[in-house]
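Written below as structure tokens is the structure these notes are about.
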Amino acid sequence: MVKFYRTDDKLIHELDTLQGGTWIQMVNPSVAEGQMVADDLNVDIEDVLAALDEEESSRIELQDGYTLILVDIPSIETRHDKESYTTIPLGIILTDDEIVTVCTEDTPVLQVFLNNRVKEFSTKKKMRFVYQILYRISVLYQNDLRIIDKMRTEIEERVGEDTEEDDLIALHELESTLVYFATSLRANGVVLERLTRYKRLEQYPEDKELLGDVIVENKQAIEMTGIYRDIINGTRELMSTVIDNRLNNVMKSLTIITLIMAIPTVISGIYGMNVSSKWVPLATTAHGFMIIIGVMVVICVLILILLKKKRIL
């Protein structure tokens, strides 16, 4: 899908044809659509469709007549029938008169511009537009990181009787997501550092201030990612300890039961030996069976009292 937008009188509206100062939004474009835009702007088709490759890394390339900027943005995907976070490339192409954005999905990073929710937004001020996009990307990372931390908190609140292996798997997925975020944010940081030395297009003083804000927000997102990874590691270790402790308690209970049951088993085994009754204690005594049962019960009770004093029970 390819759409053309331009701001006039601080309001954005859609165009039918390509004009000066236009924002070309491409959402999961076909090869034919990519070729059309590449021919109109005299841009390499591979650069136009670079963002469609999920393995593309963040970078900035200065080409003859245009600039390609690739950054990673957060996205939602379905894994194991659950929504999870990942990162996908967003391509930005700057020419003398136009700006092109290419992404595999209609990201909320760009939706705020289409809804006129960004102050001082103009498709004609291309560098400011780029910095505003990058700022929204950093803010979206931070929002998603807070949601991830909230999911971790919900899992942590179940630590105890309700802790299950599924929670450990969920924590592992959250940790994997943070690894993706950390990698993408660091790569985006390299792009931002290169943009500080970008001189090809006109930049206003307030644009440079905005770029500084973007760099600060990106660094803050990186710090949040590191902090949340450490917290998740601690939560995962706590849950593993709780599960191991629960298993130890079960094994201890089984061991105590086995110890108590061993006493009647040994005594009954001895009395079950095929020997003459005259050699078996209490064999000819009245109520001998009940006496033996009573002795076994007393021994078991004494062992239970001893285990409790030793705080084993």
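By order of appearance in the structure tokens: chains A, B, ..., then residues from 1 within every chain, and ligands from 1 in the order shown.
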
**Message:** Applying 9 Å and only C-alpha atoms, which residues near Glu175 of chain A remain after dropping the ones on its own chain fewer than 3 positions away? List them as a list of chain:residue names.
**Reply:** A:Ala170, A:Leu171, A:His172, A:Leu178, A:Val179, A:Tyr180, A:Tyr228, A:Arg229, A:Ile232, A:Asn233

**Item:** Nearby residues (only C-alpha atoms) at most 10 Å from segment 62-72 of chain A, same-chain spacing under 6 positions excluded, as a ChimeraX atom specification
**Value:** /A:41-44,47-48,50-51,54,56,86-102,130,134,137,180-181,183-192,195,198,200-201

**Message:** Residues within 10 Å of Met224 of chain A, please, as a ChimeraX atom specification. Count only C-alpha atoms; anything in the same chain fewer than 2 positions from it doesn't count.
**Reply:** /A:141-142,145-146,149,178,182,218-222,226-230

Convert the current residue selection to file output with all heavy atoms, as a short mmCIF file (atom, residue, chain, number, x, y, z; two decimals), in the first residue's frame.
data_model
loop_
_atom_site.label_atom_id
_atom_site.label_comp_id
_atom_site.auth_asym_id
_atom_site.auth_seq_id
_atom_site.Cartn_x
_atom_site.Cartn_y
_atom_site.Cartn_z
N TYR A 141 9.13 2.53 22.63
CA TYR A 141 9.95 1.54 23.34
C TYR A 141 9.72 1.64 24.85
O TYR A 141 9.54 0.62 25.53
CB TYR A 141 11.44 1.77 23.03
CG TYR A 141 11.97 1.01 21.85
CD1 TYR A 141 12.41 1.67 20.71
CD2 TYR A 141 12.06 -0.38 21.87
CE1 TYR A 141 12.91 0.98 19.62
CE2 TYR A 141 12.56 -1.08 20.78
CZ TYR A 141 12.98 -0.40 19.66
OH TYR A 141 13.47 -1.10 18.58
N GLN A 142 9.73 2.85 25.37
CA GLN A 142 9.56 3.02 26.81
C GLN A 142 8.18 2.55 27.27
O GLN A 142 8.05 1.92 28.33
CB GLN A 142 9.80 4.48 27.19
CG GLN A 142 11.22 4.95 26.97
CD GLN A 142 11.43 6.40 27.38
OE1 GLN A 142 10.69 6.93 28.20
NE2 GLN A 142 12.44 7.04 26.82
N LEU A 145 8.20 -1.17 27.28
CA LEU A 145 9.01 -1.67 28.39
C LEU A 145 8.22 -1.61 29.70
O LEU A 145 8.32 -2.53 30.53
CB LEU A 145 10.29 -0.85 28.51
CG LEU A 145 11.36 -1.14 27.46
CD1 LEU A 145 12.45 -0.08 27.49
CD2 LEU A 145 11.97 -2.52 27.67
N ARG A 146 7.43 -0.58 29.88
CA ARG A 146 6.60 -0.49 31.09
C ARG A 146 5.54 -1.59 31.10
O ARG A 146 5.23 -2.16 32.16
CB ARG A 146 5.94 0.89 31.18
CG ARG A 146 6.95 2.02 31.39
CD ARG A 146 6.24 3.35 31.64
NE ARG A 146 7.20 4.43 31.80
CZ ARG A 146 7.56 5.26 30.82
NH1 ARG A 146 7.02 5.12 29.61
NH2 ARG A 146 8.45 6.21 31.03
N ASP A 149 7.27 -4.76 32.08
CA ASP A 149 7.52 -4.80 33.53
C ASP A 149 6.23 -5.08 34.29
O ASP A 149 6.26 -5.77 35.33
CB ASP A 149 8.12 -3.48 33.98
CG ASP A 149 8.56 -3.51 35.43
OD1 ASP A 149 9.41 -4.36 35.78
OD2 ASP A 149 8.06 -2.69 36.23
N LEU A 178 13.43 -8.48 25.84
CA LEU A 178 14.33 -7.41 26.28
C LEU A 178 15.68 -7.50 25.58
O LEU A 178 16.33 -6.46 25.34
CB LEU A 178 14.50 -7.49 27.80
CG LEU A 178 13.25 -7.15 28.62
CD1 LEU A 178 13.55 -7.25 30.11
CD2 LEU A 178 12.74 -5.76 28.28
N ALA A 182 17.15 -4.43 23.57
CA ALA A 182 18.47 -3.87 23.87
C ALA A 182 19.33 -3.79 22.62
O ALA A 182 20.01 -2.78 22.37
CB ALA A 182 19.15 -4.71 24.95
N ASN A 218 16.41 7.74 23.89
CA ASN A 218 16.92 6.43 23.47
C ASN A 218 17.83 5.84 24.55
O ASN A 218 17.75 4.64 24.86
CB ASN A 218 17.67 6.56 22.16
CG ASN A 218 18.05 5.22 21.55
OD1 ASN A 218 17.24 4.51 20.99
ND2 ASN A 218 19.32 4.86 21.68
N LYS A 219 18.69 6.68 25.13
CA LYS A 219 19.56 6.20 26.21
C LYS A 219 18.74 5.78 27.43
O LYS A 219 19.07 4.79 28.10
CB LYS A 219 20.56 7.29 26.59
CG LYS A 219 21.63 7.55 25.54
CD LYS A 219 22.60 8.62 25.98
CE LYS A 219 23.69 8.84 24.94
NZ LYS A 219 24.65 9.91 25.34
N GLN A 220 17.68 6.52 27.71
CA GLN A 220 16.82 6.14 28.83
C GLN A 220 16.16 4.80 28.59
O GLN A 220 16.03 3.97 29.50
CB GLN A 220 15.76 7.22 29.06
CG GLN A 220 14.85 6.93 30.26
CD GLN A 220 13.86 8.05 30.52
OE1 GLN A 220 13.98 9.14 29.96
NE2 GLN A 220 12.89 7.79 31.36
N ALA A 221 15.73 4.57 27.34
CA ALA A 221 15.12 3.28 27.00
C ALA A 221 16.14 2.14 27.16
O ALA A 221 15.79 1.04 27.62
CB ALA A 221 14.57 3.30 25.58
N ILE A 222 17.39 2.40 26.79
CA ILE A 222 18.44 1.39 26.96
C ILE A 222 18.64 1.07 28.44
O ILE A 222 18.77 -0.09 28.84
CB ILE A 222 19.76 1.87 26.31
CG1 ILE A 222 19.61 1.97 24.79
CG2 ILE A 222 20.91 0.92 26.67
CD1 ILE A 222 20.83 2.55 24.09
N GLY A 226 18.02 -2.53 30.48
CA GLY A 226 18.99 -3.21 31.33
C GLY A 226 18.46 -3.45 32.73
O GLY A 226 18.65 -4.53 33.31
N ILE A 227 17.76 -2.46 33.29
CA ILE A 227 17.20 -2.60 34.64
C ILE A 227 16.14 -3.71 34.66
O ILE A 227 16.14 -4.57 35.56
CB ILE A 227 16.59 -1.27 35.11
CG1 ILE A 227 17.70 -0.24 35.32
CG2 ILE A 227 15.79 -1.46 36.39
CD1 ILE A 227 17.19 1.16 35.60
N TYR A 228 15.25 -3.70 33.68
CA TYR A 228 14.18 -4.71 33.66
C TYR A 228 14.74 -6.11 33.42
O TYR A 228 14.20 -7.10 33.93
CB TYR A 228 13.14 -4.35 32.60
CG TYR A 228 12.33 -3.12 32.93
CD1 TYR A 228 11.66 -2.40 31.94
CD2 TYR A 228 12.24 -2.67 34.24
CE1 TYR A 228 10.93 -1.27 32.24
CE2 TYR A 228 11.50 -1.54 34.55
CZ TYR A 228 10.85 -0.84 33.55
OH TYR A 228 10.12 0.28 33.84
N ARG A 229 15.81 -6.21 32.66
CA ARG A 229 16.45 -7.53 32.46
C ARG A 229 17.01 -8.05 33.78
O ARG A 229 16.86 -9.23 34.10
CB ARG A 229 17.56 -7.42 31.42
CG ARG A 229 17.08 -7.37 29.98
CD ARG A 229 18.24 -7.30 29.01
NE ARG A 229 19.06 -8.52 29.05
CZ ARG A 229 20.17 -8.68 28.34
NH1 ARG A 229 20.61 -7.70 27.58
NH2 ARG A 229 20.84 -9.80 28.41
N ASP A 230 17.64 -7.17 34.54
CA ASP A 230 18.18 -7.59 35.84
C ASP A 230 17.06 -8.01 36.78
O ASP A 230 17.18 -9.01 37.51
CB ASP A 230 18.99 -6.45 36.46
CG ASP A 230 20.26 -6.15 35.68
OD1 ASP A 230 20.71 -7.03 34.92
OD2 ASP A 230 20.79 -5.03 35.83
#

**Request:** Give the strand (DSSP E) residues of segment 21-111 of chain A, as assigned by DSSP on the backbone, as a PyMOL selection string.
**Result:** chain A and resi 23-27+59-63+66-79+82-94+99-103

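For Asp16 of chain A, the list of residues within 12 Å, based on only C-alpha atoms and with local chain neighbours fewer than 2 positions off taken out, reads Val2, Lys3, Phe4, Tyr5, Arg6, His13, Glu14, Leu18, Gln19, Thr22 and Ile24 of chain A.
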
**Request:** Go through A:Gln25, A:Ser268, A:Thr235, A:Thr7 one by one, measure the shortest atom-to-atom distance of each to Asn116 of chain A using only C-alpha atoms, and give the residue with the smallest value.
**Result:** A:Thr7

**Request:** Considering only C-alpha atoms, return as an MDAnalysis selection string whatever protein or nucleic-acid residues lie within 9 Å of segment 252-259 of chain A, sequence-local ones (same chain, fewer than 2 positions apart) excluded.
**Result:** chainID A and resid 247:250 261:263 303:304 307 312:313

Would you mind exporting C-alpha atoms of the selected residues as a compact mmCIF listing (two decimals), in the first residue's frame?
# COMPACT_ATOMS: atom_id res chain seq x y z
CA LEU A 247 10.08 -30.23 45.35
CA ASN A 248 12.39 -30.56 48.37
CA ASN A 249 9.40 -30.39 50.70
CA VAL A 250 7.66 -33.14 48.76
CA MET A 261 6.38 -47.13 57.29
CA ALA A 262 9.71 -48.97 57.46
CA ILE A 263 9.25 -49.71 61.20
CA ILE A 303 10.17 -41.20 65.93
CA LEU A 304 7.63 -38.55 64.92
CA LEU A 307 11.72 -35.60 64.03
CA ILE A 312 12.60 -31.97 60.35
CA LEU A 313 8.79 -32.07 60.29

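For the pair atom CA of Pro205 of chain A and atom CA of Ser138 of chain A, the separation is 21.1 Å.
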